[in-house]
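**Q** Below is data_19.txt; it holds compact mmCIF, C-alpha atoms and all ligand atoms.
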# COMPACT_ATOMS: atom_id res chain seq x y z
CA MET Z 1 7.56 15.55 -28.81
CA GLY Z 2 6.96 17.20 -25.45
CA TYR Z 3 6.74 15.67 -22.03
CA ASP Z 4 3.07 16.40 -21.44
CA LYS Z 5 2.07 12.72 -21.67
CA ILE Z 6 4.64 11.21 -19.35
CA PHE Z 7 2.14 10.73 -16.53
CA ASP Z 8 -0.58 9.43 -18.84
CA LEU Z 9 -1.96 5.98 -18.02
CA THR Z 10 -4.76 5.87 -20.59
CA GLY Z 11 -5.90 2.33 -21.34
CA GLN Z 12 -3.48 0.74 -18.86
CA THR Z 13 -4.61 -1.90 -16.40
CA ALA Z 14 -3.83 -1.28 -12.76
CA VAL Z 15 -4.33 -3.79 -9.95
CA VAL Z 16 -4.74 -2.42 -6.43
CA THR Z 17 -4.92 -4.74 -3.41
CA GLY Z 18 -6.60 -3.62 -0.19
CA ALA Z 19 -8.81 -1.39 -2.31
CA LEU Z 20 -11.58 -1.07 0.29
CA GLY Z 21 -9.38 0.24 3.10
CA LYS Z 22 -8.44 3.81 3.99
CA LEU Z 23 -5.72 4.38 1.41
CA GLY Z 24 -7.07 2.07 -1.34
CA PRO Z 25 -9.50 4.64 -2.75
CA ILE Z 26 -6.72 7.26 -2.85
CA TRP Z 27 -4.63 5.03 -5.11
CA LEU Z 28 -7.71 4.18 -7.18
CA GLU Z 29 -8.68 7.77 -7.75
CA ALA Z 30 -5.12 8.73 -8.71
CA LEU Z 31 -4.86 5.91 -11.26
CA LEU Z 32 -8.36 6.47 -12.65
CA SER Z 33 -7.74 10.22 -12.99
CA PHE Z 34 -4.77 9.53 -15.25
CA GLY Z 35 -6.69 7.10 -17.45
CA ALA Z 36 -5.99 3.62 -16.05
CA ASN Z 37 -8.67 0.97 -15.62
CA VAL Z 38 -8.53 -0.44 -12.12
CA PHE Z 39 -8.91 -4.05 -11.06
CA ALA Z 40 -9.53 -3.54 -7.35
CA MET Z 41 -9.04 -6.40 -4.92
CA ASP Z 42 -9.74 -6.98 -1.26
CA HIS Z 43 -10.23 -9.73 1.30
CA PRO Z 44 -13.52 -11.70 1.04
CA ASP Z 45 -14.48 -10.43 4.52
CA ALA Z 46 -13.76 -6.77 3.73
CA LYS Z 47 -16.75 -4.44 3.75
CA SER Z 48 -17.30 -2.13 0.83
CA SER Z 49 -16.58 1.49 1.62
CA LYS Z 50 -18.46 4.69 0.77
CA ARG Z 51 -15.39 6.17 -0.88
CA PHE Z 52 -14.87 3.07 -3.03
CA ASN Z 53 -18.55 2.93 -4.03
CA SER Z 54 -18.61 6.56 -5.07
CA LEU Z 55 -15.54 6.01 -7.29
CA LYS Z 56 -17.21 2.96 -8.81
CA ASP Z 57 -20.33 5.01 -9.52
CA GLU Z 58 -18.32 7.89 -10.94
CA TYR Z 59 -16.14 5.83 -13.29
CA GLY Z 60 -18.47 2.90 -14.00
CA ALA Z 61 -17.95 -0.83 -14.48
CA LYS Z 62 -15.86 -0.31 -17.63
CA ARG Z 63 -13.14 1.37 -15.55
CA VAL Z 64 -13.42 -0.25 -12.10
CA HIS Z 65 -13.88 -3.90 -11.22
CA LEU Z 66 -13.85 -5.30 -7.68
CA ALA Z 67 -12.75 -8.87 -6.96
CA TYR Z 68 -12.31 -10.63 -3.64
CA ALA Z 69 -9.23 -12.67 -2.77
CA ASP Z 70 -7.24 -13.31 0.37
CA ILE Z 71 -3.66 -12.45 -0.57
CA MET Z 72 -2.54 -15.47 1.50
CA ASN Z 73 -4.50 -17.77 -0.82
CA ARG Z 74 -2.50 -18.49 -3.93
CA ALA Z 75 -5.32 -20.26 -5.78
CA ALA Z 76 -7.60 -17.26 -5.19
CA LEU Z 77 -4.88 -14.95 -6.54
CA VAL Z 78 -4.48 -17.03 -9.70
CA LYS Z 79 -8.27 -16.90 -10.19
CA ALA Z 80 -8.24 -13.14 -9.63
CA LEU Z 81 -5.52 -12.72 -12.26
CA ASP Z 82 -7.65 -14.66 -14.77
CA LYS Z 83 -10.58 -12.40 -13.97
CA CYS Z 84 -8.39 -9.33 -14.38
CA VAL Z 85 -7.15 -10.55 -17.76
CA ASP Z 86 -10.75 -11.23 -18.88
CA ASN Z 87 -11.93 -7.80 -17.77
CA PHE Z 88 -9.06 -5.46 -18.55
CA GLY Z 89 -6.13 -7.50 -19.89
CA ILE Z 90 -2.72 -8.27 -18.39
CA PRO Z 91 -1.84 -5.68 -15.76
CA HIS Z 92 0.62 -2.86 -16.45
CA ILE Z 93 0.60 -1.60 -12.87
CA LEU Z 94 0.37 -3.40 -9.54
CA VAL Z 95 -0.10 -1.52 -6.27
CA ASN Z 96 0.64 -3.86 -3.37
CA ASN Z 97 -1.35 -1.96 -0.78
CA ALA Z 98 -3.16 -4.66 1.26
CA GLY Z 99 -1.69 -5.03 4.68
CA ILE Z 100 -2.27 -5.33 8.37
CA ASP Z 101 -1.59 -2.31 10.50
CA LEU Z 102 -1.95 -2.74 14.23
CA PRO Z 103 -3.76 0.16 15.85
CA PRO Z 104 -4.24 0.39 19.64
CA GLU Z 105 -6.66 -2.27 20.87
CA PRO Z 106 -8.36 -1.55 24.20
CA GLY Z 107 -7.32 -4.08 26.83
CA ALA Z 108 -4.75 -5.73 24.59
CA SER Z 109 -1.49 -3.84 25.08
CA TYR Z 110 1.73 -5.63 25.89
CA ALA Z 111 5.15 -4.80 27.22
CA LEU Z 112 7.68 -5.36 24.43
CA GLU Z 113 9.16 -8.40 26.15
CA ASP Z 114 5.70 -10.01 26.56
CA ILE Z 115 4.23 -9.75 23.06
CA PRO Z 116 3.00 -13.24 22.20
CA GLU Z 117 3.98 -14.87 18.93
CA GLU Z 118 0.36 -15.01 17.76
CA LYS Z 119 0.26 -11.22 17.94
CA PHE Z 120 3.58 -10.89 16.12
CA MET Z 121 3.07 -13.23 13.19
CA PRO Z 122 -0.08 -12.06 11.32
CA ALA Z 123 1.43 -8.76 10.15
CA LEU Z 124 4.58 -10.55 9.01
CA LEU Z 125 2.62 -13.18 7.14
CA VAL Z 126 0.18 -10.89 5.36
CA ASN Z 127 2.46 -7.88 4.78
CA VAL Z 128 5.45 -9.93 3.62
CA SER Z 129 4.34 -13.36 2.44
CA GLY Z 130 1.02 -12.09 1.07
CA LEU Z 131 2.71 -9.26 -0.85
CA PHE Z 132 5.31 -11.74 -2.10
CA GLN Z 133 2.63 -14.04 -3.51
CA VAL Z 134 0.67 -11.23 -5.18
CA THR Z 135 3.91 -10.08 -6.78
CA GLN Z 136 4.71 -13.59 -7.99
CA VAL Z 137 1.27 -14.11 -9.52
CA PHE Z 138 0.55 -10.67 -11.03
CA GLY Z 139 4.18 -9.68 -11.59
CA GLY Z 140 4.76 -13.08 -13.19
CA ALA Z 141 2.20 -12.17 -15.86
CA MET Z 142 3.81 -8.73 -16.30
CA ILE Z 143 7.31 -10.08 -16.96
CA LYS Z 144 5.91 -12.30 -19.74
CA GLN Z 145 4.74 -9.07 -21.40
CA GLY Z 146 8.13 -7.46 -20.80
CA ARG Z 147 6.67 -4.36 -19.17
CA GLY Z 148 5.12 -3.04 -16.01
CA SER Z 149 5.47 -1.09 -12.81
CA ILE Z 150 4.98 -2.50 -9.33
CA ILE Z 151 4.55 -0.20 -6.35
CA ASN Z 152 4.80 -1.70 -2.89
CA ILE Z 153 3.25 0.38 -0.13
CA GLY Z 154 5.79 0.52 2.66
CA SER Z 155 5.72 2.86 5.65
CA LEU Z 156 7.74 5.42 7.52
CA TYR Z 157 8.19 2.65 10.10
CA ALA Z 158 10.03 0.51 7.56
CA SER Z 159 12.96 2.89 8.04
CA VAL Z 160 12.72 4.22 11.59
CA SER Z 161 11.42 2.88 14.86
CA PRO Z 162 8.18 4.46 16.10
CA ASN Z 163 8.77 7.22 18.64
CA LYS Z 164 6.93 5.91 21.69
CA ALA Z 165 6.22 9.44 22.94
CA LEU Z 166 3.73 9.78 20.05
CA TYR Z 167 1.57 7.13 21.70
CA ASP Z 168 2.10 7.70 25.44
CA HIS Z 169 -1.17 9.63 25.91
CA ILE Z 170 -3.20 6.55 24.95
CA ASP Z 171 -4.98 5.30 28.04
CA CYS Z 172 -3.85 1.70 28.54
CA GLU Z 173 -1.64 -0.35 30.79
CA PRO Z 174 1.02 -1.37 29.90
CA PRO Z 175 1.40 1.71 27.65
CA PHE Z 176 0.59 1.17 23.97
CA ILE Z 177 3.61 0.56 21.78
CA LYS Z 178 3.28 0.47 18.01
CA PRO Z 179 3.75 -3.25 17.38
CA PRO Z 180 7.28 -4.14 16.28
CA ALA Z 181 5.96 -6.65 13.73
CA TYR Z 182 4.54 -3.80 11.66
CA GLY Z 183 7.84 -2.00 11.05
CA ALA Z 184 9.68 -5.30 10.67
CA SER Z 185 7.22 -6.38 7.99
CA LYS Z 186 7.52 -3.08 6.16
CA ALA Z 187 11.33 -3.19 6.30
CA ALA Z 188 11.04 -6.62 4.66
CA VAL Z 189 8.81 -5.06 1.99
CA LEU Z 190 11.61 -2.60 1.14
CA ASN Z 191 14.08 -5.44 0.79
CA LEU Z 192 11.70 -7.45 -1.40
CA THR Z 193 11.29 -4.31 -3.50
CA ARG Z 194 15.01 -4.24 -4.19
CA TYR Z 195 15.09 -8.01 -4.72
CA PHE Z 196 12.35 -8.04 -7.35
CA ALA Z 197 13.74 -4.86 -8.96
CA THR Z 198 17.12 -6.45 -9.55
CA HIS Z 199 15.63 -9.67 -10.92
CA TRP Z 200 12.98 -8.12 -13.12
CA GLY Z 201 14.73 -4.99 -14.39
CA SER Z 202 16.03 -6.89 -17.39
CA LYS Z 203 12.49 -8.16 -18.02
CA GLY Z 204 11.09 -4.65 -18.31
CA VAL Z 205 9.30 -4.55 -14.96
CA ARG Z 206 10.19 -1.80 -12.48
CA VAL Z 207 9.60 -2.34 -8.76
CA ASN Z 208 9.58 0.51 -6.26
CA ALA Z 209 8.20 1.26 -2.82
CA LEU Z 210 6.15 4.25 -1.69
CA SER Z 211 6.32 4.84 2.04
CA PRO Z 212 3.71 7.12 3.58
CA GLY Z 213 4.17 8.67 7.00
CA GLY Z 214 1.08 9.47 9.05
CA VAL Z 215 -1.98 9.84 6.84
CA LEU Z 216 -4.89 11.86 8.22
CA GLY Z 217 -7.84 9.62 9.07
CA GLY Z 218 -9.37 8.89 12.43
CA GLN Z 219 -6.35 9.54 14.69
CA ASP Z 220 -6.98 11.26 18.02
CA GLU Z 221 -6.22 14.99 18.38
CA GLU Z 222 -3.25 14.52 20.69
CA PHE Z 223 -1.57 12.11 18.29
CA LYS Z 224 -2.14 14.50 15.39
CA ARG Z 225 -0.68 17.39 17.39
CA LYS Z 226 2.43 15.46 18.44
CA PHE Z 227 2.98 13.93 15.01
CA SER Z 228 2.59 17.30 13.28
CA GLU Z 229 5.09 18.95 15.65
CA ARG Z 230 7.57 16.17 14.93
CA THR Z 231 7.20 16.56 11.13
CA PRO Z 232 9.02 19.34 9.22
CA LEU Z 233 5.96 20.06 7.03
CA GLY Z 234 3.94 20.43 10.24
CA ARG Z 235 1.00 18.16 9.43
CA LEU Z 236 -0.13 14.65 8.51
CA ALA Z 237 -0.55 13.65 4.86
CA VAL Z 238 -3.81 14.04 2.94
CA ALA Z 239 -4.92 12.21 -0.22
CA GLU Z 240 -3.44 14.81 -2.59
CA ASP Z 241 -0.01 14.29 -1.03
CA LEU Z 242 -0.05 10.59 -1.97
CA ALA Z 243 -1.66 10.68 -5.42
CA GLY Z 244 1.21 12.41 -7.26
CA PRO Z 245 3.99 10.14 -5.97
CA LEU Z 246 1.93 7.07 -6.91
CA VAL Z 247 1.26 8.28 -10.45
CA PHE Z 248 4.94 9.18 -10.80
CA LEU Z 249 6.01 5.64 -9.90
CA ALA Z 250 3.25 4.02 -11.99
CA SER Z 251 3.88 5.99 -15.16
CA SER Z 252 6.68 6.50 -17.68
CA ALA Z 253 7.61 9.66 -15.72
CA SER Z 254 9.74 7.28 -13.63
CA SER Z 255 10.93 5.08 -16.52
CA TYR Z 256 14.55 4.94 -15.20
CA VAL Z 257 13.62 4.50 -11.54
CA THR Z 258 13.62 1.05 -9.98
CA GLY Z 259 14.50 -0.51 -6.65
CA VAL Z 260 13.95 2.66 -4.65
CA ASN Z 261 11.85 3.65 -1.69
CA LEU Z 262 10.06 6.97 -2.13
CA PRO Z 263 9.29 8.35 1.34
CA VAL Z 264 6.18 10.53 1.41
CA GLU Z 265 6.36 11.59 5.04
CA GLY Z 266 6.59 15.37 5.18
CA GLY Z 267 10.32 15.29 6.01
CA TYR Z 268 9.87 13.20 9.17
CA THR Z 269 13.23 11.47 8.72
CA ALA Z 270 15.12 14.63 7.68
CA TRP Z 271 16.05 15.56 11.25
N1 LIG Z 301 -3.00 4.82 6.82
C1 LIG Z 301 -1.75 5.17 7.10
O1 LIG Z 301 -1.52 6.15 7.82
C2 LIG Z 301 -0.59 4.37 6.53
C3 LIG Z 301 0.70 4.88 6.71
C4 LIG Z 301 1.78 4.19 6.18
C5 LIG Z 301 1.57 3.02 5.49
N2 LIG Z 301 0.31 2.54 5.32
C6 LIG Z 301 0.15 1.30 4.56
O2 LIG Z 301 -0.78 1.52 3.53
C7 LIG Z 301 -1.51 0.33 3.25
C8 LIG Z 301 -3.00 0.63 3.37
O3 LIG Z 301 -3.25 1.11 4.68
P1 LIG Z 301 -4.70 1.53 5.15
O4 LIG Z 301 -4.50 2.61 6.15
O5 LIG Z 301 -5.56 1.76 3.99
O6 LIG Z 301 -5.12 0.22 5.94
P2 LIG Z 301 -6.56 -0.43 6.04
O7 LIG Z 301 -6.51 -1.39 7.17
O8 LIG Z 301 -7.62 0.62 6.05
O9 LIG Z 301 -6.68 -1.23 4.67
C9 LIG Z 301 -5.94 -2.39 4.41
C10 LIG Z 301 -6.74 -3.25 3.46
O10 LIG Z 301 -6.01 -4.47 3.24
C11 LIG Z 301 -6.94 -5.54 3.25
N3 LIG Z 301 -6.31 -6.79 3.65
C12 LIG Z 301 -5.77 -7.09 4.87
N4 LIG Z 301 -5.38 -8.37 4.88
C13 LIG Z 301 -5.68 -8.90 3.66
C14 LIG Z 301 -5.55 -10.18 3.09
N5 LIG Z 301 -5.03 -11.21 3.75
N6 LIG Z 301 -5.98 -10.35 1.80
C15 LIG Z 301 -6.51 -9.33 1.10
N7 LIG Z 301 -6.68 -8.10 1.59
C16 LIG Z 301 -6.27 -7.89 2.87
C17 LIG Z 301 -8.01 -5.13 4.25
O11 LIG Z 301 -9.23 -5.82 4.05
C18 LIG Z 301 -8.13 -3.63 4.03
O12 LIG Z 301 -9.15 -3.29 3.12
C19 LIG Z 301 -1.04 -0.71 4.25
O13 LIG Z 301 -0.06 -1.52 3.64
C20 LIG Z 301 -0.44 0.14 5.36
O14 LIG Z 301 0.53 -0.55 6.08
C21 LIG Z 301 -0.78 3.19 5.83
Represent the structure contained in this file as structure tokens.
Ligand SMILES: NC(=O)c1ccc[n+]([C@@H]2O[C@H](COP(=O)([O-])OP(=O)(O)OC[C@H]3O[C@@H](n4cnc5c(N)ncnc54)[C@H](O)[C@@H]3O)[C@@H](O)[C@H]2O)c1
**A**
Amino acid sequence: MGYDKIFDLTGQTAVVTGALGKLGPIWLEALLSFGANVFAMDHPDAKSSKRFNSLKDEYGAKRVHLAYADIMNRAALVKALDKCVDNFGIPHILVNNAGIDLPPEPGASYALEDIPEEKFMPALLVNVSGLFQVTQVFGGAMIKQGRGSIINIGSLYASVSPNKALYDHIDCEPPFIKPPAYGASKAAVLNLTRYFATHWGSKGVRVNALSPGGVLGGQDEEFKRKFSERTPLGRLAVAEDLAGPLVFLASSASSYVTGVNLPVEGGYTAW
């Protein structure tokens, strides 16, 4: 027996939250390419995306199903799990990708000491409590089967504080600072990753995090220049950079890996 099938996901059921966002279709395409059927989920208010629609057309309804659920709504998650089981069976893979990032908002920048609680809490609630509930509901079904792989999408900013010089060209007063709630929420995601990994290892479910750095997509030129200079590989990530690490964590290629954070950030934290 060789190792040529260790990345194979044929016939497996993968759930991806936040499927209509920027990174969702990257995860979808990676999983579909290696044979998984994908139960894609997003918020009821999320708009369908071109990239998602073209994947749906390419792979068809037998391989891709889209369901809407707010990850803060437990009843909606339970319903979504039922729908997933009806369509594709009990999930083998869960990609906890849905989250709130906080890009610069014209006219709404704050000095660190003035950030109001209502601006701080949403990212914590969705990125931590929402992810926790999805993991309980979908992961709960996986442990009953005694198998599965959960991948939590973290961030570079789970591990380091954002360098404010990367943002100081943005025209606003007070200067834009990457909101502290974002990194705090992602650091919590890494801890939950370890928590679930230690509890569910004996139940056959592995739980890991994948933490992208900057991913190319809509950033201004000055940000891209500064971020690339600051990164040993000299550029932001593209889809191909993320697909392999995801399939590695999803598949039996990582069968003895659990509780880790896999940084996919071009070496940003190496110096
Ligand atoms: N894009 C990047 O450069 C980058 C870098 C590092 C980490 N990440 C992380 O990757 C993940 C995806 O990022 P993205 O760039 O695609 O963001 P995005 O904003 O484009 O997509 C996020 C998706 O999550 C969904 N979502 C938000 N709140 C939800 C809720 N309550 N219930 C259900 N769905 C909800 C949104 O509708 C959206 O489709 C996030 O967790 C983000 O923090 C992104």
**Q** Would you mind listing what lies within 8 Å of range 159-163 of chain Z as a list in words, with all atoms listed in the file counted and same-chain residues fewer than 2 positions away left out?
**A**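 That gives Ser155, Leu156, Tyr157, Ala165, Leu166, Tyr167, Lys178, Gly183, Ala187 and Thr269 of chain Z.
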**Q** Which residue out of Z:Ile26, Z:Ile170, Z:Ala123, Z:Ala80 has the minimum interatomic distance to Pro106 in chain Z when all atoms listed in the file are used?
**A**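 Of Z:Ile26, Z:Ile170, Z:Ala123, Z:Ala80, the one nearest Pro106 in chain Z, counting all atoms listed in the file, is Z:Ile170.
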**Q** Which residue, Z:Ala158, Z:Ile6, Z:Ala188, Z:Ala69, has the smallest gap to ligand LIG 301 (chain Z) when you use only C-alpha atoms and all ligand atoms?
**A**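 For ligand LIG 301 (chain Z), the nearest of the candidates is Z:Ala69.
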**Q** Output, as lines of an AutoDock Vina configuration file, the centre and edge lengths in Å (one decimal) of the axis-aligned box that contains all listed atoms of ligand LIG 301 (chain Z) with 8 Å of margin on each side.
**A**
center_x = -3.7
center_y = -2.5
center_z = 4.5
size_x = 27.0
size_y = 33.4
size_z = 22.7
**Q** Which residues are near ligand LIG 301 (chain Z) - at most 6 Å, using only C-alpha atoms and all ligand atoms? Format: as a compact mmCIF listing (two decimals) with C-alpha atoms, in the coordinates of the input.
**A**
# COMPACT_ATOMS: atom_id res chain seq x y z
CA GLY Z 18 -6.60 -3.62 -0.19
CA ALA Z 19 -8.81 -1.39 -2.31
CA LEU Z 20 -11.58 -1.07 0.29
CA GLY Z 21 -9.38 0.24 3.10
CA LYS Z 22 -8.44 3.81 3.99
CA LEU Z 23 -5.72 4.38 1.41
CA GLY Z 24 -7.07 2.07 -1.34
CA ASP Z 42 -9.74 -6.98 -1.26
CA HIS Z 43 -10.23 -9.73 1.30
CA ALA Z 46 -13.76 -6.77 3.73
CA ALA Z 69 -9.23 -12.67 -2.77
CA ASP Z 70 -7.24 -13.31 0.37
CA ILE Z 71 -3.66 -12.45 -0.57
CA MET Z 72 -2.54 -15.47 1.50
CA ASN Z 97 -1.35 -1.96 -0.78
CA ALA Z 98 -3.16 -4.66 1.26
CA GLY Z 99 -1.69 -5.03 4.68
CA ILE Z 100 -2.27 -5.33 8.37
CA ASP Z 101 -1.59 -2.31 10.50
CA VAL Z 126 0.18 -10.89 5.36
CA ILE Z 153 3.25 0.38 -0.13
CA GLY Z 154 5.79 0.52 2.66
CA SER Z 155 5.72 2.86 5.65
CA PRO Z 212 3.71 7.12 3.58
CA GLY Z 213 4.17 8.67 7.00
CA GLY Z 214 1.08 9.47 9.05
CA VAL Z 215 -1.98 9.84 6.84
**Q** Write out as a tab-separated table a residue-level contact list of range 14-65 of chain Z versus range 138-144 of chain Z with cut-off 12 Å: for each qualifying residue the closest pair of atoms and the distance in Å to one decimal, counting only C-alpha atoms, rows sorted by chain and residue number upward.
**A**
residue	atom	partner	partner_atom	distance
Z:Ala14	CA	Z:Phe138	CA	10.5
Z:Val15	CA	Z:Phe138	CA	8.5
Z:Val16	CA	Z:Phe138	CA	10.8
Z:Thr17	CA	Z:Phe138	CA	11.1
Z:Phe39	CA	Z:Phe138	CA	11.5
**Q** Considering only C-alpha atoms, state which residue in the set Z:Leu233, Z:Ala61, Z:Ala184, Z:Leu31 is at the smallest distance from Leu249 in chain Z.
**A**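 The shortest atom-to-atom distance to Leu249 in chain Z comes from Z:Leu31.
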**Q** Nearest to Glu265 in chain Z among Z:Leu112, Z:Ile93, Z:Leu124, Z:Leu216, with distances taken over only C-alpha atoms: which residue is it?
**A**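 Of Z:Leu112, Z:Ile93, Z:Leu124, Z:Leu216, the one nearest Glu265 in chain Z is Z:Leu216, counting only C-alpha atoms.
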**Q** Could you check the closest approach to Phe176 in chain Z for each of Z:Ser109, Z:Asn37, Z:Ser48, Z:Thr231 and tell me which residue wins, using only C-alpha atoms?
**A**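 Nearest to Phe176 in chain Z: Z:Ser109.
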**Q** Set the distance at 10 Å and use all atoms listed in the file: which residues neighbour Arg225 in chain Z once local chain neighbours fewer than 4 positions away are removed? I'd like the list as JSON, numbers by chain.
**A** {"Z": [166, 220, 221, 229, 230, 234, 235, 236]}
**Q** Calculated over only C-alpha atoms, which of the candidates Z:Leu192, Z:Ala75, Z:Ala237, Z:Ile150 has the smallest distance to Val257 in chain Z?
**A**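 Looking only at the distances to Val257 in chain Z, the closest residue turns out to be Z:Ile150.
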**Q** To one decimal place, how far is CA of Asn261 in chain Z from CA of Asn208 in chain Z in Å?
**A**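 Computed distance, CA of Asn261 in chain Z to CA of Asn208 in chain Z, equals 6.0 Å.
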**Q** Mind giving me the straight-line distance from CA of Leu28 in chain Z to CA of Asn191 in chain Z in Å, one decimal?
**A**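 The value is 25.1 Å.
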**Q** List the neighbours of Glu29 in chain Z out to 12 Å using all atoms listed in the file; skip same-chain residues closer than 3 positions along the sequence, and give me the result as number ranges by chain.
**A** Z: 14, 16, 19, 23-26, 32-38, 40, 51-56, 58-59, 63-64, 239-240, 242-244, 246-247
**Q** Write out as a ChimeraX atom specification the residues lying within 7 Å of Val207 in chain Z, counting all atoms listed in the file and excluding same-chain residues fewer than 5 positions away.
**A** /Z:149-151,193,196-197,258-259
**Q** For a test of reading the model, state the distance in Å between CA of Gly266 in chain Z and CA of Val128 in chain Z, rounded to one decimal.
**A** 25.4 Å
**Q** Scan for residues within 9 Å of the point (-3.7, -14.8, -9.4) in the coordinates of the file, using all atoms listed in the file, and reply as a list in words.
**A**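 Those within range, by chain then number, are Ala69, Arg74, Ala75, Ala76, Leu77, Val78, Lys79, Ala80, Leu81, Asp82, Lys83, Cys84, Gln133, Val134, Gln136, Val137 and Phe138 of chain Z.
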